[in-house]
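Heads up, target.csv below (CSV, C-alpha atoms and all ligand atoms):
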```csv
chain,number,residue,atom,x,y,z
X,1,MET,CA,0.0,0.0,0.0
X,2,ALA,CA,1.2,3.5,-0.8
X,3,GLU,CA,2.3,5.6,2.1
X,4,GLU,CA,-0.5,7.9,3.3
X,5,CYS,CA,-3.0,6.0,1.2
X,6,SER,CA,-6.1,8.1,0.7
X,7,HIS,CA,-8.2,5.0,-0.4
X,8,GLU,CA,-9.3,7.1,-3.3
X,9,CYS,CA,-8.2,4.5,-5.9
X,10,SER,CA,-10.0,6.1,-8.8
X,11,SER,CA,-7.9,9.3,-8.5
X,12,CYS,CA,-4.6,7.8,-7.3
X,13,GLY,CA,-1.7,7.4,-9.6
X,14,VAL,CA,0.2,4.8,-7.6
X,15,SER,CA,0.4,1.6,-9.6
X,16,GLY,CA,0.8,-1.8,-8.1
X,17,CYS,CA,-0.8,-0.8,-4.8
X,18,GLY,CA,-2.0,-4.0,-3.0
X,19,ASP,CA,-5.0,-2.2,-1.7
X,20,ARG,CA,-6.2,-1.0,-5.0
X,21,THR,CA,-9.9,-1.9,-5.6
X,22,ALA,CA,-11.2,-3.1,-8.9
X,23,GLU,CA,-13.0,0.2,-9.4
X,24,ALA,CA,-11.7,2.0,-12.5
X,25,GLY,CA,-13.4,4.8,-14.3
X,26,PRO,CA,-16.6,6.6,-13.3
X,27,SER,CA,-19.1,4.7,-11.3
X,28,THR,CA,-21.6,6.8,-9.4
X,29,LEU,CA,-22.8,6.2,-5.8
X,30,ALA,CA,-26.3,5.2,-4.9
X,31,PRO,CA,-28.1,8.2,-3.4
X,32,ASN,CA,-30.1,8.2,-0.2
X,33,LYS,CA,-33.2,6.0,-0.4
X,34,ARG,CA,-35.4,9.0,0.0
X,35,SER,CA,-33.7,11.0,-2.8
X,36,ASN,CA,-34.8,11.2,-6.4
X,37,VAL,CA,-32.4,13.7,-7.9
X,38,LYS,CA,-33.1,13.9,-11.7
X,39,HIS,CA,-30.2,16.1,-12.8
X,40,VAL,CA,-26.9,17.2,-11.3
X,41,ILE,CA,-25.1,20.3,-12.6
X,42,GLY,CA,-21.6,21.2,-11.3
X,43,VAL,CA,-20.6,24.8,-11.1
X,44,VAL,CA,-16.8,25.1,-11.4
X,45,SER,CA,-14.1,27.7,-11.8
X,46,GLY,CA,-10.4,27.2,-12.1
X,47,LYS,CA,-9.6,29.9,-9.7
X,48,GLY,CA,-11.1,31.2,-6.4
X,49,GLY,CA,-13.0,34.3,-5.8
X,50,VAL,CA,-14.5,34.7,-9.3
X,51,GLY,CA,-18.1,34.5,-8.1
X,52,LYS,CA,-18.8,30.7,-8.5
X,53,SER,CA,-20.9,30.6,-5.3
X,54,LEU,CA,-22.8,33.7,-6.4
X,55,VAL,CA,-23.5,32.1,-9.9
X,56,THR,CA,-24.5,28.8,-8.3
X,57,SER,CA,-27.0,30.7,-6.1
X,58,LEU,CA,-28.3,32.7,-9.1
X,59,LEU,CA,-28.6,29.7,-11.4
X,60,ALA,CA,-30.5,27.8,-8.7
X,61,SER,CA,-32.8,30.8,-8.1
X,62,GLU,CA,-33.5,31.2,-11.8
X,63,MET,CA,-34.2,27.5,-12.2
X,64,ASN,CA,-36.5,27.6,-9.2
X,65,LYS,CA,-38.4,30.5,-10.8
X,66,ARG,CA,-39.0,28.3,-13.8
X,67,GLY,CA,-41.0,26.0,-11.5
X,68,HIS,CA,-38.4,23.2,-11.1
X,69,LYS,CA,-37.6,21.7,-7.7
X,70,VAL,CA,-34.0,22.8,-7.0
X,71,ALA,CA,-31.3,21.9,-4.5
X,72,ILE,CA,-27.8,23.0,-3.9
X,73,LEU,CA,-25.0,20.7,-2.6
X,74,ASP,CA,-22.3,23.0,-1.3
X,75,ALA,CA,-19.1,21.0,-2.1
X,76,ASP,CA,-16.9,23.9,-1.2
X,77,ILE,CA,-16.4,22.3,2.1
X,78,THR,CA,-13.6,24.5,3.4
X,79,GLY,CA,-15.0,27.7,2.1
X,80,PRO,CA,-18.8,27.2,2.3
X,81,SER,CA,-20.8,30.4,1.5
X,82,ILE,CA,-24.2,29.1,0.1
X,83,PRO,CA,-26.1,29.2,3.4
X,84,LYS,CA,-25.1,32.8,4.0
X,85,SER,CA,-26.2,33.8,0.5
X,86,PHE,CA,-29.7,32.4,1.2
X,87,GLY,CA,-30.0,33.5,4.8
X,88,VAL,CA,-30.2,29.9,5.9
X,89,ASP,CA,-28.8,29.3,9.3
X,90,SER,CA,-31.2,26.9,10.9
X,91,ARG,CA,-29.7,23.8,12.5
X,92,LEU,CA,-30.3,20.6,10.5
X,93,THR,CA,-32.7,17.9,11.6
X,94,ALA,CA,-32.3,14.2,11.0
X,95,ASP,CA,-34.4,11.0,11.1
X,96,ALA,CA,-33.8,7.3,10.7
X,97,ASP,CA,-33.2,7.7,6.9
X,98,GLY,CA,-30.7,10.6,7.1
X,99,ILE,CA,-30.3,14.3,7.4
X,100,ASN,CA,-33.0,16.7,6.2
X,101,PRO,CA,-31.6,19.6,4.1
X,102,ALA,CA,-32.3,23.2,5.0
X,103,LYS,CA,-34.7,25.2,2.8
X,104,SER,CA,-34.3,28.8,1.5
X,105,ALA,CA,-37.1,31.3,1.5
X,106,SER,CA,-38.3,30.2,-1.9
X,107,GLY,CA,-37.9,26.5,-1.2
X,108,ILE,CA,-34.5,25.7,-2.6
X,109,GLU,CA,-32.9,22.8,-0.6
X,110,VAL,CA,-29.4,23.5,0.7
X,111,MET,CA,-26.8,21.2,2.3
X,112,SER,CA,-23.6,22.7,3.5
X,113,VAL,CA,-21.0,21.9,6.1
X,114,ASN,CA,-21.7,25.3,7.6
X,115,LEU,CA,-25.1,24.1,8.6
X,116,MET,CA,-23.4,21.4,10.7
X,117,LEU,CA,-21.0,23.6,12.6
X,118,PRO,CA,-21.9,25.1,16.0
X,119,GLU,CA,-20.7,28.6,14.8
X,120,GLY,CA,-20.6,29.8,11.2
X,121,ASP,CA,-17.1,31.1,11.7
X,122,MET,CA,-15.6,27.9,12.8
X,123,PRO,CA,-12.8,26.8,10.4
X,124,VAL,CA,-12.9,23.5,8.5
X,125,ALA,CA,-9.3,22.3,8.4
X,126,TRP,CA,-9.8,18.8,7.0
X,127,ARG,CA,-7.5,16.7,4.9
X,128,GLY,CA,-8.6,15.7,1.4
X,129,PRO,CA,-10.1,12.3,2.2
X,130,VAL,CA,-12.2,13.7,4.9
X,131,VAL,CA,-13.4,16.5,2.6
X,132,THR,CA,-14.3,14.0,-0.2
X,133,GLY,CA,-15.9,11.7,2.4
X,134,ALA,CA,-18.2,14.6,3.5
X,135,ILE,CA,-19.3,15.2,-0.1
X,136,LYS,CA,-20.2,11.6,-0.6
X,137,GLN,CA,-22.2,11.7,2.7
X,138,PHE,CA,-24.0,14.8,1.5
X,139,TRP,CA,-25.1,12.7,-1.5
X,140,GLN,CA,-25.8,9.5,0.3
X,141,GLU,CA,-27.0,10.5,3.7
X,142,VAL,CA,-29.2,13.5,2.9
X,143,ASN,CA,-33.0,13.1,2.4
X,144,TRP,CA,-33.1,15.2,-0.7
X,145,GLY,CA,-36.5,14.0,-1.8
X,146,ASP,CA,-37.7,14.9,-5.3
X,147,VAL,CA,-35.3,17.2,-7.0
X,148,ASP,CA,-35.3,18.2,-10.7
X,149,TYR,CA,-32.0,20.0,-10.6
X,150,MET,CA,-29.2,19.8,-8.1
X,151,PHE,CA,-26.5,22.4,-8.5
X,152,VAL,CA,-23.1,21.5,-6.9
X,153,ASP,CA,-21.0,24.5,-5.8
X,154,MET,CA,-17.5,23.1,-6.4
X,155,PRO,CA,-14.4,24.4,-4.6
X,156,PRO,CA,-12.0,26.3,-7.0
X,157,GLY,CA,-9.5,24.3,-9.1
X,158,THR,CA,-9.3,20.8,-10.2
X,159,SER,CA,-8.4,19.0,-7.0
X,160,ASP,CA,-9.5,15.6,-5.7
X,161,VAL,CA,-12.9,17.1,-4.8
X,162,PHE,CA,-13.5,17.8,-8.5
X,163,LEU,CA,-12.7,14.1,-9.3
X,164,THR,CA,-14.8,12.9,-6.4
X,165,VAL,CA,-17.9,14.8,-7.5
X,166,PHE,CA,-17.5,13.8,-11.1
X,167,GLN,CA,-16.9,10.2,-10.3
X,168,SER,CA,-19.4,9.7,-7.5
X,169,LEU,CA,-22.4,11.8,-8.5
X,170,PRO,CA,-24.3,11.5,-11.8
X,171,VAL,CA,-23.3,14.9,-13.2
X,172,ASP,CA,-25.1,15.8,-16.4
X,173,GLY,CA,-23.1,18.9,-17.2
X,174,ILE,CA,-21.1,21.8,-15.8
X,175,VAL,CA,-21.3,25.5,-15.9
X,176,THR,CA,-17.9,27.3,-15.7
X,177,VAL,CA,-17.4,30.7,-14.1
X,178,SER,CA,-14.7,33.1,-15.1
X,179,ALA,CA,-13.7,36.7,-14.7
X,180,PRO,CA,-12.3,38.6,-17.6
X,181,GLN,CA,-8.6,38.4,-16.9
X,182,GLU,CA,-6.6,36.3,-19.4
X,183,LEU,CA,-5.1,34.2,-16.7
X,184,VAL,CA,-8.5,33.3,-15.2
X,185,ALA,CA,-9.7,32.3,-18.7
X,186,MET,CA,-6.7,30.1,-19.2
X,187,ILE,CA,-7.4,28.4,-15.9
X,188,VAL,CA,-11.0,27.9,-16.8
X,189,GLY,CA,-9.6,26.0,-19.8
X,190,LYS,CA,-8.0,23.5,-17.4
X,191,ALA,CA,-11.3,22.8,-15.7
X,192,VAL,CA,-13.1,22.5,-19.1
X,193,ASN,CA,-10.6,20.1,-20.4
X,194,LEU,CA,-10.7,18.0,-17.3
X,195,ALA,CA,-14.5,17.9,-17.5
X,196,LYS,CA,-14.3,16.8,-21.1
X,197,SER,CA,-11.8,14.1,-20.2
X,198,LEU,CA,-14.4,12.9,-17.7
X,199,GLU,CA,-17.0,13.0,-20.5
X,200,VAL,CA,-19.2,15.6,-18.8
X,201,PRO,CA,-20.5,18.3,-21.2
X,202,VAL,CA,-19.8,21.9,-20.5
X,203,VAL,CA,-23.1,23.6,-20.8
X,204,GLY,CA,-22.2,27.2,-20.3
X,205,LEU,CA,-19.7,29.9,-19.3
X,206,VAL,CA,-20.6,32.8,-17.0
X,207,GLU,CA,-18.2,35.7,-17.3
X,208,ASN,CA,-18.7,37.4,-14.0
X,209,MET,CA,-17.6,41.0,-13.2
X,210,ALA,CA,-17.5,41.6,-16.9
X,211,TYR,CA,-18.3,45.3,-16.6
X,212,PHE,CA,-19.4,48.0,-14.2
X,213,LYS,CA,-22.3,50.2,-15.3
X,214,CYS,CA,-21.9,53.8,-14.2
X,215,ASP,CA,-24.8,55.0,-12.2
X,216,ASP,CA,-24.6,58.5,-13.6
X,217,CYS,CA,-23.9,58.1,-17.3
X,218,GLY,CA,-24.9,54.5,-17.9
X,219,LYS,CA,-21.6,53.7,-19.6
X,220,GLU,CA,-20.2,50.2,-19.2
X,221,HIS,CA,-16.6,50.2,-17.9
X,222,HIS,CA,-14.5,47.0,-18.4
X,223,ILE,CA,-12.6,47.2,-15.1
X,224,PHE,CA,-10.8,43.9,-15.5
X,225,GLY,CA,-10.2,44.3,-19.2
X,226,GLU,CA,-12.2,43.4,-22.3
X,227,PRO,CA,-14.7,40.6,-21.7
X,228,GLN,CA,-13.4,37.4,-23.4
X,229,GLY,CA,-16.2,35.0,-22.5
X,230,ALA,CA,-17.4,34.6,-26.1
X,231,ALA,CA,-13.9,33.9,-27.4
X,232,VAL,CA,-13.2,31.4,-24.6
X,233,ALA,CA,-16.5,29.7,-25.2
X,234,GLU,CA,-15.8,29.4,-28.9
X,235,LYS,CA,-12.3,28.1,-28.2
X,236,TYR,CA,-13.6,25.3,-26.0
X,237,GLY,CA,-16.9,24.7,-27.8
X,238,ILE,CA,-19.2,25.9,-25.0
X,239,PRO,CA,-22.7,26.4,-26.2
X,240,ALA,CA,-23.9,29.3,-24.0
X,241,VAL,CA,-22.3,32.4,-22.6
X,242,ALA,CA,-23.6,34.9,-20.0
X,243,THR,CA,-22.1,38.0,-18.6
X,244,LEU,CA,-22.8,39.5,-15.2
X,245,PRO,CA,-21.8,43.0,-14.1
X,246,MET,CA,-19.8,44.1,-11.1
X,247,ASP,CA,-22.7,45.1,-9.0
X,248,PRO,CA,-22.5,46.2,-5.3
X,249,SER,CA,-26.1,45.0,-4.8
X,250,PHE,CA,-24.8,41.4,-5.3
X,251,ALA,CA,-22.5,41.7,-2.3
X,252,ARG,CA,-25.2,43.5,-0.3
X,253,LEU,CA,-27.9,40.9,-1.0
X,254,VAL,CA,-25.4,38.0,-0.3
X,255,ASP,CA,-24.6,39.7,3.0
X,256,GLU,CA,-28.3,40.1,3.8
X,257,GLY,CA,-28.9,36.5,2.9
X,258,ARG,CA,-31.3,37.6,0.1
X,259,VAL,CA,-29.6,36.5,-3.0
X,260,GLU,CA,-32.9,35.1,-4.4
X,261,ALA,CA,-34.2,38.7,-4.6
X,262,TYR,CA,-31.7,39.7,-7.3
X,263,ASN,CA,-33.2,40.2,-10.7
X,264,VAL,CA,-30.6,39.0,-13.3
X,265,GLU,CA,-32.9,40.4,-16.0
X,266,GLY,CA,-32.7,37.3,-18.2
X,267,ALA,CA,-28.9,37.3,-18.3
X,268,LEU,CA,-28.7,33.6,-17.4
X,269,ASP,CA,-31.6,32.5,-19.6
X,270,GLY,CA,-29.4,31.1,-22.4
X,271,ILE,CA,-27.4,28.9,-19.9
X,272,ILE,CA,-30.6,27.8,-18.1
X,273,ASP,CA,-32.0,26.8,-21.5
X,274,GLU,CA,-28.9,24.7,-22.2
X,275,VAL,CA,-29.1,23.1,-18.8
X,276,GLU,CA,-32.7,22.1,-19.6
X,277,LYS,CA,-31.6,20.8,-23.0
X,278,VAL,CA,-28.8,18.6,-21.6
X,279,ALA,CA,-31.2,17.3,-19.0
X,280,ALA,CA,-33.8,16.4,-21.7
X,281,ALA,CA,-31.1,14.7,-23.7
X,282,ALA,CA,-30.0,12.7,-20.6
X,283,GLU,CA,-33.6,11.6,-20.0
X,284,THR,CA,-34.0,10.6,-23.6
X,285,ALA,CA,-30.8,8.6,-23.5
X,286,ALA,CA,-31.9,6.8,-20.3
X,287,GLU,CA,-35.2,5.7,-21.9
X,301,LIG,N1,-20.5,40.4,-10.0
X,301,LIG,C1,-20.2,40.7,-8.8
X,301,LIG,N2,-20.4,42.0,-8.3
X,301,LIG,C2,-20.1,42.3,-7.0
X,301,LIG,N3,-19.7,41.4,-6.1
X,301,LIG,C3,-19.5,40.2,-6.5
X,301,LIG,C4,-19.8,39.7,-7.8
X,301,LIG,N4,-19.5,38.4,-7.9
X,301,LIG,C5,-19.1,38.0,-6.7
X,301,LIG,N5,-19.1,39.1,-5.9
X,301,LIG,C6,-18.7,39.0,-4.4
X,301,LIG,O1,-17.3,38.6,-4.4
X,301,LIG,C7,-17.2,37.7,-3.3
X,301,LIG,C8,-16.7,36.3,-3.9
X,301,LIG,O2,-17.7,35.7,-4.6
X,301,LIG,P1,-18.0,34.1,-4.5
X,301,LIG,O3,-18.0,33.7,-3.1
X,301,LIG,O4,-19.3,33.9,-5.2
X,301,LIG,O5,-16.7,33.6,-5.3
X,301,LIG,P2,-16.2,32.1,-5.4
X,301,LIG,O6,-15.6,32.0,-6.7
X,301,LIG,O7,-17.3,31.1,-5.0
X,301,LIG,O8,-15.1,32.1,-4.2
X,301,LIG,P3,-14.4,30.9,-3.6
X,301,LIG,O9,-13.4,30.4,-4.6
X,301,LIG,O10,-13.7,31.4,-2.4
X,301,LIG,O11,-15.4,29.8,-3.3
X,301,LIG,C9,-18.5,37.6,-2.6
X,301,LIG,O12,-18.5,38.5,-1.5
X,301,LIG,C10,-19.5,38.0,-3.6
X,301,LIG,O13,-20.7,38.6,-3.1
```
What does the file become when written as structure tokens?
Ligand SMILES: Nc1ncnc2c1ncn2[C@@H]1O[C@H](COP(=O)(O)OP(=O)(O)OP(=O)(O)O)[C@@H](O)[C@H]1O
Amino acid sequence: MAEECSHECSSCGVSGCGDRTAEAGPSTLAPNKRSNVKHVIGVVSGKGGVGKSLVTSLLASEMNKRGHKVAILDADITGPSIPKSFGVDSRLTADADGINPAKSASGIEVMSVNLMLPEGDMPVAWRGPVVTGAIKQFWQEVNWGDVDYMFVDMPPGTSDVFLTVFQSLPVDGIVTVSAPQELVAMIVGKAVNLAKSLEVPVVGLVENMAYFKCDDCGKEHHIFGEPQGAAVAEKYGIPAVATLPMDPSFARLVDEGRVEAYNVEGALDGIIDEVEKVAAAAETAAE
């Protein structure tokens, strides 16, 4: 057995390990017996702080407004921010079948490690295998019930969490989030290529903080440089692109726990349409 074996055989590069199990390639875990999650969409970014959690919250809210049953699995275990965005701070309850997720004001189900901590500001300093174990538990031990779309807020980068989610959950597609800087776009490319190698379609790209609209003159200023979402999407064959402005009201509503109140004015419609298309294709393929 390799020293410091993580028992994550599917993502381990050590060959000849005596403890290696037969599992090779993607095989998803059975969900909780009270869960019927139809579609799972991962929200990823190659780099931290580009607004991935905000975009996850907005996508979930928009999908919810279309009448779907929506859930968010906060896989950003060491930097969880979803409960705060939705103002969800109730302690979780559990029964014999598992843990009951929290619910946002508009009925979006939420599961996050922050809902399990005695205080929201307690740090989570866990090693990789514990983090990936928690994500598997969120999938298997939470009574999600009937869910049309589950959005998974991924931690930044392409670490073992990325592999765990894509190999353990039946992910139908991913949405990538970028900011306009070239470096960030390049890093998004890494996430996109990894998703492709795992045979998960990239449904859309959200270019966040693409511009700031002046309150006085209405002019759009490209603070982080010219938007390049369309070019990046073309380069990587991503079907839908959305841009979101730098908007102080995002930060305010997130701080107030009222992210659902934000009106994106249709900015995410193209991506939501693509998510629905991918879901319909997955349902047709499963018939
Ligand atoms: N377009 C925007 N306009 C204004 N503030 C924003 C915008 N996007 C994100 N923010 C703010 O920036 C901060 C970081 O956003 P967020 O937590 O969504 O990023 P992230 O990519 O999920 O970060 P991490 O990698 O740490 O998980 C938050 O305070 C959020 O409210």
8 Å shell around ligand LIG 301 (chain X) using only C-alpha atoms and all ligand atoms, listed as a VMD selection string: chain X and resid 45 47 to 56 76 79 to 81 153 to 156 177 208 to 210 244 to 255
Given all atoms listed in the file as the basis, pick out the residue of X:Val241, X:Met111, X:Leu205, X:Leu59 nearest to Asn263 (chain X). X:Leu59
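For the choices X:Val142, X:Thr78, X:Gln181, X:Ala94, the atom-to-atom distance to Val130 (chain X) is smallest for X:Thr78 when using only C-alpha atoms.
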Write out as a PDB file with C-alpha atoms, keeping the file's coordinate frame the residues lying within 12 Å of Ser106 (chain X), counting all atoms listed in the file and excluding same-chain residues fewer than 3 positions away.
```pdb
ATOM      1  CA  ALA X  60     -30.500  27.800  -8.700  1.00  0.00           C
ATOM      2  CA  SER X  61     -32.800  30.800  -8.100  1.00  0.00           C
ATOM      3  CA  GLU X  62     -33.500  31.200 -11.800  1.00  0.00           C
ATOM      4  CA  MET X  63     -34.200  27.500 -12.200  1.00  0.00           C
ATOM      5  CA  ASN X  64     -36.500  27.600  -9.200  1.00  0.00           C
ATOM      6  CA  LYS X  65     -38.400  30.500 -10.800  1.00  0.00           C
ATOM      7  CA  GLY X  67     -41.000  26.000 -11.500  1.00  0.00           C
ATOM      8  CA  HIS X  68     -38.400  23.200 -11.100  1.00  0.00           C
ATOM      9  CA  LYS X  69     -37.600  21.700  -7.700  1.00  0.00           C
ATOM     10  CA  VAL X  70     -34.000  22.800  -7.000  1.00  0.00           C
ATOM     11  CA  ALA X  71     -31.300  21.900  -4.500  1.00  0.00           C
ATOM     12  CA  PHE X  86     -29.700  32.400   1.200  1.00  0.00           C
ATOM     13  CA  GLY X  87     -30.000  33.500   4.800  1.00  0.00           C
ATOM     14  CA  VAL X  88     -30.200  29.900   5.900  1.00  0.00           C
ATOM     15  CA  ALA X 102     -32.300  23.200   5.000  1.00  0.00           C
ATOM     16  CA  LYS X 103     -34.700  25.200   2.800  1.00  0.00           C
ATOM     17  CA  GLU X 109     -32.900  22.800  -0.600  1.00  0.00           C
ATOM     18  CA  VAL X 110     -29.400  23.500   0.700  1.00  0.00           C
ATOM     19  CA  ARG X 258     -31.300  37.600   0.100  1.00  0.00           C
ATOM     20  CA  VAL X 259     -29.600  36.500  -3.000  1.00  0.00           C
ATOM     21  CA  GLU X 260     -32.900  35.100  -4.400  1.00  0.00           C
ATOM     22  CA  ALA X 261     -34.200  38.700  -4.600  1.00  0.00           C
TER      23      ALA X 261
END
```
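For the residues X:Leu198, X:Gln228, X:Lys235, X:Phe162, ranking by smallest atom-to-atom distance to Gly46 (chain X) using all atoms listed in the file places X:Phe162 first.
In terms of minimum interatomic distance to Asp74 (chain X), X:Val152 ranks closest within X:Val131, X:Val206, X:Val152, X:Ala240, counting only C-alpha atoms.
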Ref. answer, residues at most 10 Å from (-15.0, 16.3, -14.8) with all atoms listed in the file, as a VMD selection string: chain X and resid 26 42 44 158 162 to 167 171 173 to 174 191 to 202
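Considering all atoms listed in the file, the residue among X:Asp89, X:Pro83, X:Asp148, X:Gly128 positioned nearest to Ala279 (chain X) is X:Asp148.
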